[in-house]
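Undergrad: Sending over target31.cif (mmCIF, C-alpha atoms).
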data_coords
loop_
_atom_site.label_atom_id
_atom_site.label_comp_id
_atom_site.auth_asym_id
_atom_site.auth_seq_id
_atom_site.Cartn_x
_atom_site.Cartn_y
_atom_site.Cartn_z
CA MET A 1 -41.07 -6.83 -21.83
CA GLU A 2 -39.57 -8.53 -24.82
CA THR A 3 -37.72 -6.89 -27.64
CA LEU A 4 -36.53 -8.35 -30.91
CA LEU A 5 -32.91 -8.01 -32.01
CA GLY A 6 -32.26 -9.66 -35.37
CA ASP A 7 -33.58 -13.22 -35.24
CA ARG A 8 -33.03 -13.64 -31.55
CA ARG A 9 -35.61 -12.86 -28.90
CA PHE A 10 -34.44 -11.45 -25.58
CA ASN A 11 -36.24 -11.06 -22.28
CA ALA A 12 -35.22 -10.53 -18.68
CA ARG A 13 -34.47 -14.23 -18.17
CA THR A 14 -31.92 -14.43 -20.98
CA ILE A 15 -29.68 -11.95 -19.21
CA PHE A 16 -28.88 -14.61 -16.61
CA ASP A 17 -29.00 -17.60 -18.93
CA PHE A 18 -25.56 -19.18 -18.63
CA SER A 19 -26.32 -22.31 -20.62
CA CYS A 20 -23.17 -21.53 -22.63
CA LEU A 21 -21.18 -22.64 -19.56
CA GLU A 22 -20.75 -26.20 -18.38
CA PRO A 23 -22.76 -27.26 -15.27
CA ASP A 24 -19.64 -27.68 -13.11
CA THR A 25 -18.39 -24.26 -14.24
CA ARG A 26 -21.71 -22.67 -13.32
CA GLN A 27 -21.56 -24.33 -9.90
CA HIS A 28 -18.00 -23.10 -9.41
CA LEU A 29 -19.04 -19.55 -10.30
CA LYS A 30 -21.90 -19.77 -7.79
CA ASN A 31 -19.36 -20.68 -5.09
CA VAL A 32 -17.04 -17.87 -6.18
CA TYR A 33 -19.73 -15.18 -6.12
CA ALA A 34 -21.21 -16.46 -2.86
CA THR A 35 -17.75 -16.16 -1.31
CA LEU A 36 -17.39 -12.71 -2.85
CA ALA A 37 -20.68 -11.66 -1.25
CA ILE A 38 -19.40 -12.84 2.14
CA CYS A 39 -16.21 -10.82 1.62
CA MET A 40 -18.21 -7.70 0.82
CA LEU A 41 -20.32 -8.07 3.97
CA VAL A 42 -17.24 -8.62 6.14
CA ALA A 43 -15.45 -5.66 4.55
CA ALA A 44 -18.51 -3.50 5.24
CA ALA A 45 -18.34 -4.63 8.87
CA GLY A 46 -14.67 -3.61 8.98
CA ALA A 47 -15.49 -0.17 7.60
CA TYR A 48 -18.30 0.17 10.16
CA VAL A 49 -15.94 -0.71 13.01
CA HIS A 50 -13.54 2.04 11.90
CA LEU A 51 -16.25 4.67 11.49
CA TYR A 52 -18.42 4.06 14.53
CA THR A 53 -16.26 2.40 17.17
CA ALA A 54 -12.90 3.01 18.78
CA PHE A 55 -12.12 -0.71 18.83
CA LEU A 56 -9.97 -0.82 15.70
CA GLN A 57 -8.84 1.80 13.21
CA GLY A 58 -7.54 1.56 9.68
CA ASN A 59 -3.83 2.40 9.72
CA PHE A 60 -0.45 1.17 8.47
CA LEU A 61 -0.44 -1.67 11.00
CA MET A 62 -3.76 -2.94 9.66
CA THR A 63 -2.31 -2.77 6.16
CA LEU A 64 0.54 -5.04 7.25
CA VAL A 65 -1.93 -7.41 8.91
CA SER A 66 -3.98 -7.47 5.72
CA MET A 67 -0.93 -8.35 3.63
CA GLY A 68 0.03 -11.03 6.14
CA LEU A 69 -3.41 -12.65 5.95
CA LEU A 70 -3.32 -12.61 2.16
CA MET A 71 0.10 -14.28 2.16
CA TRP A 72 -1.17 -16.85 4.69
CA LEU A 73 -4.10 -17.66 2.40
CA MET A 74 -1.80 -17.83 -0.63
CA PHE A 75 0.50 -20.35 1.06
CA THR A 76 -2.37 -22.48 2.38
CA PRO A 77 -3.32 -24.55 -0.66
CA ARG A 78 -6.72 -26.17 -0.84
CA ASN A 79 -6.72 -29.86 0.08
CA GLY A 80 -10.47 -30.48 0.18
CA GLN A 81 -10.62 -30.43 3.99
CA ASN A 82 -9.47 -26.91 4.88
CA ASP A 83 -12.10 -24.77 3.14
CA ALA A 84 -13.49 -23.53 6.47
CA LYS A 85 -10.02 -22.50 7.65
CA ARG A 86 -9.22 -20.75 4.38
CA LEU A 87 -12.59 -19.00 4.37
CA GLY A 88 -11.84 -17.74 7.88
CA ILE A 89 -8.49 -16.36 6.71
CA LEU A 90 -10.22 -14.72 3.75
CA CYS A 91 -12.80 -13.12 6.04
CA GLY A 92 -9.99 -11.77 8.20
CA PHE A 93 -8.38 -10.30 5.10
CA ALA A 94 -11.68 -8.76 3.95
CA PHE A 95 -12.24 -7.27 7.42
CA THR A 96 -8.84 -5.57 7.44
CA VAL A 97 -9.45 -4.30 3.88
CA GLY A 98 -12.68 -2.74 5.16
CA LEU A 99 -10.77 -1.17 8.03
CA GLY A 100 -8.25 0.16 5.52
CA LEU A 101 -11.04 1.98 3.68
CA GLY A 102 -11.92 3.78 6.90
CA PRO A 103 -9.64 6.85 6.56
CA LEU A 104 -10.85 7.45 2.99
CA LEU A 105 -14.46 7.08 4.13
CA ASP A 106 -13.82 9.63 6.89
CA PHE A 107 -12.56 12.09 4.30
CA VAL A 108 -15.46 11.47 1.91
CA ILE A 109 -18.06 11.84 4.67
CA ALA A 110 -16.58 15.22 5.56
CA ILE A 111 -17.18 16.35 1.95
CA ASN A 112 -20.51 14.68 1.15
CA PRO A 113 -21.71 11.42 2.75
CA SER A 114 -23.97 10.60 -0.22
CA ILE A 115 -20.85 10.02 -2.33
CA ILE A 116 -20.35 6.66 -0.60
CA ALA A 117 -23.74 5.32 -1.67
CA THR A 118 -23.32 6.72 -5.19
CA ALA A 119 -19.87 5.15 -5.52
CA PHE A 120 -21.12 1.79 -4.26
CA MET A 121 -24.06 1.70 -6.66
CA GLY A 122 -21.80 2.81 -9.51
CA THR A 123 -19.24 0.14 -8.64
CA SER A 124 -21.93 -2.55 -8.45
CA LEU A 125 -23.29 -1.52 -11.86
CA ILE A 126 -19.83 -1.43 -13.47
CA PHE A 127 -18.81 -4.72 -11.90
CA GLY A 128 -22.05 -6.43 -12.91
CA CYS A 129 -21.96 -5.21 -16.51
CA PHE A 130 -18.33 -6.16 -17.09
CA THR A 131 -18.86 -9.53 -15.41
CA LEU A 132 -21.77 -10.35 -17.71
CA SER A 133 -19.75 -9.17 -20.71
CA ALA A 134 -16.93 -11.56 -19.76
CA LEU A 135 -19.27 -14.51 -19.19
CA TYR A 136 -21.14 -14.05 -22.47
CA ALA A 137 -18.08 -13.27 -24.59
CA ARG A 138 -16.41 -15.80 -26.84
CA ARG A 139 -14.16 -18.17 -24.91
CA ARG A 140 -10.80 -16.65 -23.95
CA SER A 141 -11.54 -13.48 -25.94
CA TYR A 142 -10.49 -11.21 -23.05
CA LEU A 143 -7.49 -13.18 -21.81
CA TYR A 144 -5.29 -11.32 -24.29
CA LEU A 145 -5.81 -8.22 -22.13
CA GLY A 146 -3.44 -9.57 -19.48
CA GLY A 147 -0.27 -8.05 -20.89
CA THR A 148 -1.93 -4.72 -21.64
CA LEU A 149 -3.42 -4.49 -18.16
CA MET A 150 -0.10 -5.27 -16.47
CA SER A 151 1.54 -2.61 -18.62
CA GLY A 152 -1.20 -0.22 -17.53
CA LEU A 153 -0.50 -1.00 -13.87
CA SER A 154 3.21 -0.38 -14.41
CA PHE A 155 2.46 2.93 -16.08
CA LEU A 156 0.17 3.93 -13.19
CA LEU A 157 2.91 3.07 -10.71
CA MET A 158 5.37 5.28 -12.57
CA MET A 159 2.80 8.09 -12.68
CA SER A 160 2.28 7.75 -8.94
CA LEU A 161 6.01 7.84 -8.17
CA PHE A 162 6.52 10.82 -10.46
CA ASN A 163 3.60 12.69 -8.91
CA MET A 164 4.97 12.16 -5.41
CA PHE A 165 7.64 14.73 -6.35
CA TYR A 166 5.69 16.82 -8.86
CA GLY A 167 2.43 17.09 -6.89
CA SER A 168 0.11 17.79 -9.84
CA ALA A 169 -3.63 17.65 -9.09
CA LEU A 170 -4.33 17.22 -12.82
CA LEU A 171 -1.94 14.29 -13.06
CA PHE A 172 -3.52 12.72 -9.98
CA LYS A 173 -6.97 13.03 -11.52
CA ALA A 174 -5.72 11.46 -14.76
CA GLN A 175 -4.21 8.66 -12.71
CA MET A 176 -7.58 7.98 -11.06
CA TYR A 177 -9.50 7.87 -14.33
CA LEU A 178 -6.89 5.69 -16.03
CA GLY A 179 -6.79 3.43 -12.98
CA LEU A 180 -10.57 3.04 -13.15
CA VAL A 181 -10.34 1.96 -16.79
CA VAL A 182 -7.58 -0.53 -15.98
CA MET A 183 -9.56 -2.06 -13.10
CA CYS A 184 -12.63 -2.44 -15.32
CA GLY A 185 -10.38 -4.35 -17.71
CA PHE A 186 -9.27 -6.59 -14.85
CA VAL A 187 -12.90 -7.53 -14.14
CA LEU A 188 -13.14 -8.84 -17.71
CA PHE A 189 -9.77 -10.57 -17.54
CA ASP A 190 -10.15 -12.11 -14.07
CA THR A 191 -13.67 -13.37 -14.75
CA GLN A 192 -12.66 -15.21 -17.91
CA LEU A 193 -9.47 -16.44 -16.24
CA ILE A 194 -11.55 -17.98 -13.42
CA VAL A 195 -13.74 -19.75 -15.97
CA GLU A 196 -10.73 -21.13 -17.83
CA LYS A 197 -9.02 -22.24 -14.60
CA CYS A 198 -12.20 -24.08 -13.63
CA ARG A 199 -12.31 -25.82 -17.01
CA ALA A 200 -8.67 -26.83 -16.45
CA GLY A 201 -9.58 -28.43 -13.11
CA ASP A 202 -8.74 -25.61 -10.67
CA LYS A 203 -11.82 -25.39 -8.39
CA ASP A 204 -10.30 -23.20 -5.66
CA PHE A 205 -13.30 -20.87 -5.36
CA ILE A 206 -11.93 -19.17 -2.25
CA TRP A 207 -8.74 -17.97 -3.94
CA HIS A 208 -10.59 -17.12 -7.14
CA SER A 209 -12.92 -14.81 -5.21
CA VAL A 210 -9.91 -12.82 -3.96
CA ASP A 211 -9.21 -11.43 -7.44
CA LEU A 212 -12.79 -10.27 -7.94
CA PHE A 213 -12.97 -8.85 -4.40
CA LEU A 214 -9.85 -6.75 -4.98
CA ASP A 215 -11.20 -5.61 -8.37
CA PHE A 216 -14.42 -4.44 -6.70
CA ILE A 217 -12.61 -2.66 -3.87
CA HIS A 218 -10.22 -0.86 -6.23
CA ILE A 219 -13.07 0.34 -8.46
CA PHE A 220 -15.04 1.48 -5.40
CA ARG A 221 -12.05 3.35 -4.00
CA LYS A 222 -11.28 5.11 -7.28
CA LEU A 223 -14.92 6.05 -7.87
CA MET A 224 -15.12 7.57 -4.39
CA ILE A 225 -11.98 9.62 -5.00
CA ILE A 226 -13.19 10.79 -8.43
CA LEU A 227 -16.63 11.77 -7.13
CA THR A 228 -15.08 13.56 -4.16
CA MET A 229 -12.73 15.53 -6.43
CA ASN A 230 -15.65 16.49 -8.66
CA GLU A 231 -17.67 17.59 -5.62
CA LYS A 232 -14.82 19.79 -4.40
CA ASP A 233 -14.46 21.32 -7.89
CA LYS A 234 -18.18 22.14 -7.95
CA ARG A 235 -17.93 23.86 -4.57
CA LYS A 236 -14.98 25.93 -5.77
CA GLU A 237 -16.94 27.04 -8.84
CA LYS A 238 -19.86 28.20 -6.67
CA LYS A 239 -17.64 30.39 -4.54
#
Go through the file and emit its structure as structure tokens.
TA:
Amino acid sequence: METLLGDRRFNARTIFDFSCLEPDTRQHLKNVYATLAICMLVAAAGAYVHLYTAFLQGNFLMTLVSMGLLMWLMFTPRNGQNDAKRLGILCGFAFTVGLGLGPLLDFVIAINPSIIATAFMGTSLIFGCFTLSALYARRRSYLYLGGTLMSGLSFLLMMSLFNMFYGSALLFKAQMYLGLVVMCGFVLFDTQLIVEKCRAGDKDFIWHSVDLFLDFIHIFRKLMIILTMNEKDKRKEKK
């Protein structure tokens, strides 16, 4: 169904009309988001392994393995012939990230299993909306957010360190909400940064997908925590 806004006519097709981007940029973005989809499926497999098998469990060792795989990928530059190898490393990283979500998923399931589906749908909606906003925005209009977002991360780190000693539930909740806002900003920033890198000749779609994958995972994690806290508050009020 079409609606009229000013002198421009919109319909469902215009939402995904990326004619404002160059053909090679559009192709690069297709590769990036296809790789991101693979990462999400592999991460889901990792979470499944933690929840329903005794084969592997998310723990500190898996966190170290995850960091090691990310460093391996970082120091394996693309040469045009090693995409398969680098994609394999990325899948290993995504699998260990999924395993790392396992303990949090265990906790959420004990409270209310439906929170996981709600958080995933919410994350997908947020990620999709902010991605489209970045792609349709004026060129480089969100790149200025870089300094602000890094400052936000530094502030969140200080809040986290302070709360390790203070132990305030209210401060922790504020940290989660602020962290969610910061990660939404990173979706805008990283998406436009990928576009600009592509225009500058950097076509490393595998490494570019890492930023978006981590953005998605962080938003998903924070939404799960926020929804779980809200669910626990509701139960306390009913008692």
Undergrad: So the first atom is atom CA of Arg199 of chain A and the second is atom CA of Leu135 of chain A; what is the distance between them in Å, to one decimal place?
TA: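 Computing the Euclidean distance for atom CA of Arg199 of chain A and atom CA of Leu135 of chain A yields 13.5 Å.
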Undergrad: Out of A:Phe189, A:Tyr142, A:Trp72, A:Phe55, which residue has the shortest atom-to-atom distance to Arg86 of chain A when counting only C-alpha atoms?
TA: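 Nearest candidate to Arg86 of chain A out of A:Phe189, A:Tyr142, A:Trp72, A:Phe55: A:Trp72.
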Undergrad: Between A:Asp233, A:Asp24, A:Asp204, A:Asp215, which one has atoms that come closest to Leu87 of chain A, using only C-alpha atoms?
TA: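 Smallest separation from Leu87 of chain A among the options: A:Asp204.
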Undergrad: Spell out the residues picked by the PyMOL selection byres ((chain A and resi 219-225) around 9) here, as a ChimeraX atom specification.
TA: /A:101,104-105,108,115-116,118-120,122-124,126-127,173,176-177,179-181,183-184,214-218,226-230
Undergrad: Which residues are near segment 153-159 of chain A? Cut-off 12 Å, only C-alpha atoms, ignore same chain within fewer than 3 positions. Put them as a PyMOL selection string.
TA: chain A and resi 146-150+162-168+170-183+185-186
Undergrad: Pick from A:Leu21, A:Phe107, A:Cys39, A:Phe95: nearest to Val65 of chain A, with only C-alpha atoms counted?
TA: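 For Val65 of chain A, the nearest of the candidates is A:Phe95.
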Undergrad: Which of these, A:Asp106, A:Trp207, A:Gly201, A:Leu212, has the shortest distance to Phe75 of chain A once you count all atoms listed in the file?
TA: A:Trp207
Undergrad: Dump as a PDB file with C-alpha atoms, in the coordinates of the input all residues having an atom at most 12 Å from (-13.4, -2.7, 6.8), computed in the file's coordinates with all atoms listed in the file.
TA:
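Produced file result_27.pdb, reproduced below:
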ATOM      1  CA  CYS A  39     -16.210 -10.820   1.620  1.00  0.00           C
ATOM      2  CA  MET A  40     -18.210  -7.700   0.820  1.00  0.00           C
ATOM      3  CA  LEU A  41     -20.320  -8.070   3.970  1.00  0.00           C
ATOM      4  CA  VAL A  42     -17.240  -8.620   6.140  1.00  0.00           C
ATOM      5  CA  ALA A  43     -15.450  -5.660   4.550  1.00  0.00           C
ATOM      6  CA  ALA A  44     -18.510  -3.500   5.240  1.00  0.00           C
ATOM      7  CA  ALA A  45     -18.340  -4.630   8.870  1.00  0.00           C
ATOM      8  CA  GLY A  46     -14.670  -3.610   8.980  1.00  0.00           C
ATOM      9  CA  ALA A  47     -15.490  -0.170   7.600  1.00  0.00           C
ATOM     10  CA  TYR A  48     -18.300   0.170  10.160  1.00  0.00           C
ATOM     11  CA  VAL A  49     -15.940  -0.710  13.010  1.00  0.00           C
ATOM     12  CA  HIS A  50     -13.540   2.040  11.900  1.00  0.00           C
ATOM     13  CA  LEU A  51     -16.250   4.670  11.490  1.00  0.00           C
ATOM     14  CA  TYR A  52     -18.420   4.060  14.530  1.00  0.00           C
ATOM     15  CA  THR A  53     -16.260   2.400  17.170  1.00  0.00           C
ATOM     16  CA  LEU A  56      -9.970  -0.820  15.700  1.00  0.00           C
ATOM     17  CA  GLN A  57      -8.840   1.800  13.210  1.00  0.00           C
ATOM     18  CA  GLY A  58      -7.540   1.560   9.680  1.00  0.00           C
ATOM     19  CA  ASN A  59      -3.830   2.400   9.720  1.00  0.00           C
ATOM     20  CA  MET A  62      -3.760  -2.940   9.660  1.00  0.00           C
ATOM     21  CA  THR A  63      -2.310  -2.770   6.160  1.00  0.00           C
ATOM     22  CA  SER A  66      -3.980  -7.470   5.720  1.00  0.00           C
ATOM     23  CA  CYS A  91     -12.800 -13.120   6.040  1.00  0.00           C
ATOM     24  CA  GLY A  92      -9.990 -11.770   8.200  1.00  0.00           C
ATOM     25  CA  PHE A  93      -8.380 -10.300   5.100  1.00  0.00           C
ATOM     26  CA  ALA A  94     -11.680  -8.760   3.950  1.00  0.00           C
ATOM     27  CA  PHE A  95     -12.240  -7.270   7.420  1.00  0.00           C
ATOM     28  CA  THR A  96      -8.840  -5.570   7.440  1.00  0.00           C
ATOM     29  CA  VAL A  97      -9.450  -4.300   3.880  1.00  0.00           C
ATOM     30  CA  GLY A  98     -12.680  -2.740   5.160  1.00  0.00           C
ATOM     31  CA  LEU A  99     -10.770  -1.170   8.030  1.00  0.00           C
ATOM     32  CA  GLY A 100      -8.250   0.160   5.520  1.00  0.00           C
ATOM     33  CA  LEU A 101     -11.040   1.980   3.680  1.00  0.00           C
ATOM     34  CA  GLY A 102     -11.920   3.780   6.900  1.00  0.00           C
ATOM     35  CA  PRO A 103      -9.640   6.850   6.560  1.00  0.00           C
ATOM     36  CA  LEU A 104     -10.850   7.450   2.990  1.00  0.00           C
ATOM     37  CA  LEU A 105     -14.460   7.080   4.130  1.00  0.00           C
ATOM     38  CA  ILE A 217     -12.610  -2.660  -3.870  1.00  0.00           C
TER      39      ILE A 217
END
Undergrad: Measuring atom to atom with all atoms listed in the file, identify which of A:Ile38, A:Val32, A:Ile111, A:Leu188 is nearest to Lys234 of chain A.
TA: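 So, comparing all the options, the nearest one is A:Ile111.
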Undergrad: Excluding same-chain residues fewer than 4 positions from Ile194 of chain A, what lies within 7 Å of it counting all atoms listed in the file, as a JSON list (two decimals) with C-alpha atoms, keeping the file's coordinate frame?
TA:
[["chain", "number", "residue", "atom", "x", "y", "z"],
["A", 190, "ASP", "CA", -10.15, -12.11, -14.07],
["A", 198, "CYS", "CA", -12.20, -24.08, -13.63],
["A", 208, "HIS", "CA", -10.59, -17.12, -7.14]]
Undergrad: Just checking: using all atoms listed in the file, which residue out of A:Thr25, A:Leu36, A:Glu231, A:Val210 ends up closest to Leu73 of chain A?
TA: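 Looking only at the distances to Leu73 of chain A, the closest residue turns out to be A:Val210.
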Undergrad: What's the separation between atom CA of Lys85 of chain A and atom CA of Met67 of chain A, in Å to one decimal place?
TA: 17.3 Å
Undergrad: Please report the interatomic distance between atom CA of Lys203 of chain A and atom CA of Ala84 of chain A in Å with one decimal.
TA: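 Interatomic distance, atom CA of Lys203 of chain A to atom CA of Ala84 of chain A: 15.1 Å.
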Undergrad: Since the input is missing atoms, can you rebuild all heavy atoms for segment 168-179 of chain A and write them as an mmCIF file, in the frame of the given file?
TA:
data_model
loop_
_atom_site.group_PDB
_atom_site.id
_atom_site.type_symbol
_atom_site.label_atom_id
_atom_site.label_comp_id
_atom_site.auth_asym_id
_atom_site.auth_seq_id
_atom_site.Cartn_x
_atom_site.Cartn_y
_atom_site.Cartn_z
ATOM 1 N N SER A 168 1.099 17.204 -8.929
ATOM 2 C CA SER A 168 0.110 17.790 -9.840
ATOM 3 C C SER A 168 -1.276 17.214 -9.568
ATOM 4 O O SER A 168 -1.474 15.987 -9.627
ATOM 5 C CB SER A 168 0.505 17.526 -11.289
ATOM 6 O OG SER A 168 -0.542 17.865 -12.167
ATOM 7 N N ALA A 169 -2.249 18.090 -9.299
ATOM 8 C CA ALA A 169 -3.630 17.650 -9.090
ATOM 9 C C ALA A 169 -4.207 17.090 -10.392
ATOM 10 O O ALA A 169 -4.970 16.112 -10.382
ATOM 11 C CB ALA A 169 -4.487 18.807 -8.595
ATOM 12 N N LEU A 170 -3.844 17.685 -11.516
ATOM 13 C CA LEU A 170 -4.330 17.220 -12.820
ATOM 14 C C LEU A 170 -3.802 15.828 -13.124
ATOM 15 O O LEU A 170 -4.549 14.960 -13.616
ATOM 16 C CB LEU A 170 -3.915 18.198 -13.916
ATOM 17 C CG LEU A 170 -4.412 17.882 -15.336
ATOM 18 C CD1 LEU A 170 -5.930 17.887 -15.373
ATOM 19 C CD2 LEU A 170 -3.839 18.886 -16.328
ATOM 20 N N LEU A 171 -2.540 15.595 -12.822
ATOM 21 C CA LEU A 171 -1.940 14.290 -13.060
ATOM 22 C C LEU A 171 -2.575 13.237 -12.146
ATOM 23 O O LEU A 171 -2.805 12.093 -12.561
ATOM 24 C CB LEU A 171 -0.437 14.351 -12.830
ATOM 25 C CG LEU A 171 0.379 13.112 -13.234
ATOM 26 C CD1 LEU A 171 0.197 12.813 -14.717
ATOM 27 C CD2 LEU A 171 1.853 13.326 -12.906
ATOM 28 N N PHE A 172 -2.866 13.645 -10.915
ATOM 29 C CA PHE A 172 -3.520 12.720 -9.980
ATOM 30 C C PHE A 172 -4.903 12.336 -10.478
ATOM 31 O O PHE A 172 -5.302 11.161 -10.413
ATOM 32 C CB PHE A 172 -3.610 13.363 -8.594
ATOM 33 C CG PHE A 172 -4.307 12.488 -7.579
ATOM 34 C CD1 PHE A 172 -3.652 11.408 -7.011
ATOM 35 C CD2 PHE A 172 -5.612 12.757 -7.201
ATOM 36 C CE1 PHE A 172 -4.293 10.601 -6.077
ATOM 37 C CE2 PHE A 172 -6.255 11.958 -6.268
ATOM 38 C CZ PHE A 172 -5.589 10.881 -5.706
ATOM 39 N N LYS A 173 -5.640 13.312 -10.989
ATOM 40 C CA LYS A 173 -6.970 13.030 -11.520
ATOM 41 C C LYS A 173 -6.887 12.097 -12.726
ATOM 42 O O LYS A 173 -7.684 11.151 -12.854
ATOM 43 C CB LYS A 173 -7.674 14.332 -11.904
ATOM 44 C CG LYS A 173 -9.109 14.137 -12.377
ATOM 45 C CD LYS A 173 -9.801 15.465 -12.631
ATOM 46 C CE LYS A 173 -10.097 16.182 -11.339
ATOM 47 N NZ LYS A 173 -10.958 17.381 -11.562
ATOM 48 N N ALA A 174 -5.908 12.341 -13.603
ATOM 49 C CA ALA A 174 -5.720 11.460 -14.760
ATOM 50 C C ALA A 174 -5.371 10.051 -14.314
ATOM 51 O O ALA A 174 -5.832 9.062 -14.900
ATOM 52 C CB ALA A 174 -4.617 12.023 -15.663
ATOM 53 N N GLN A 175 -4.592 9.965 -13.255
ATOM 54 C CA GLN A 175 -4.210 8.660 -12.710
ATOM 55 C C GLN A 175 -5.437 7.910 -12.209
ATOM 56 O O GLN A 175 -5.568 6.693 -12.404
ATOM 57 C CB GLN A 175 -3.210 8.859 -11.588
ATOM 58 C CG GLN A 175 -2.702 7.588 -10.948
ATOM 59 C CD GLN A 175 -1.807 7.876 -9.765
ATOM 60 O OE1 GLN A 175 -1.270 8.975 -9.610
ATOM 61 N NE2 GLN A 175 -1.634 6.893 -8.905
ATOM 62 N N MET A 176 -6.360 8.617 -11.567
ATOM 63 C CA MET A 176 -7.580 7.980 -11.060
ATOM 64 C C MET A 176 -8.462 7.476 -12.188
ATOM 65 O O MET A 176 -8.968 6.348 -12.150
ATOM 66 C CB MET A 176 -8.361 8.980 -10.194
ATOM 67 C CG MET A 176 -7.739 9.278 -8.846
ATOM 68 S SD MET A 176 -7.644 7.824 -7.778
ATOM 69 C CE MET A 176 -5.877 7.476 -7.877
ATOM 70 N N TYR A 177 -8.646 8.281 -13.204
ATOM 71 C CA TYR A 177 -9.500 7.870 -14.330
ATOM 72 C C TYR A 177 -8.869 6.701 -15.087
ATOM 73 O O TYR A 177 -9.569 5.740 -15.455
ATOM 74 C CB TYR A 177 -9.749 9.046 -15.277
ATOM 75 C CG TYR A 177 -10.833 9.978 -14.809
ATOM 76 C CD1 TYR A 177 -10.524 11.210 -14.222
ATOM 77 C CD2 TYR A 177 -12.171 9.640 -14.949
ATOM 78 C CE1 TYR A 177 -11.516 12.070 -13.783
ATOM 79 C CE2 TYR A 177 -13.176 10.496 -14.518
ATOM 80 C CZ TYR A 177 -12.849 11.708 -13.941
ATOM 81 O OH TYR A 177 -13.837 12.562 -13.509
ATOM 82 N N LEU A 178 -7.572 6.779 -15.330
ATOM 83 C CA LEU A 178 -6.890 5.690 -16.030
ATOM 84 C C LEU A 178 -6.913 4.419 -15.184
ATOM 85 O O LEU A 178 -7.124 3.314 -15.709
ATOM 86 C CB LEU A 178 -5.454 6.092 -16.336
ATOM 87 C CG LEU A 178 -4.606 5.054 -17.093
ATOM 88 C CD1 LEU A 178 -5.260 4.696 -18.419
ATOM 89 C CD2 LEU A 178 -3.195 5.585 -17.322
ATOM 90 N N GLY A 179 -6.737 4.575 -13.881
ATOM 91 C CA GLY A 179 -6.790 3.430 -12.980
ATOM 92 C C GLY A 179 -8.163 2.775 -12.988
ATOM 93 O O GLY A 179 -8.283 1.542 -12.926
#
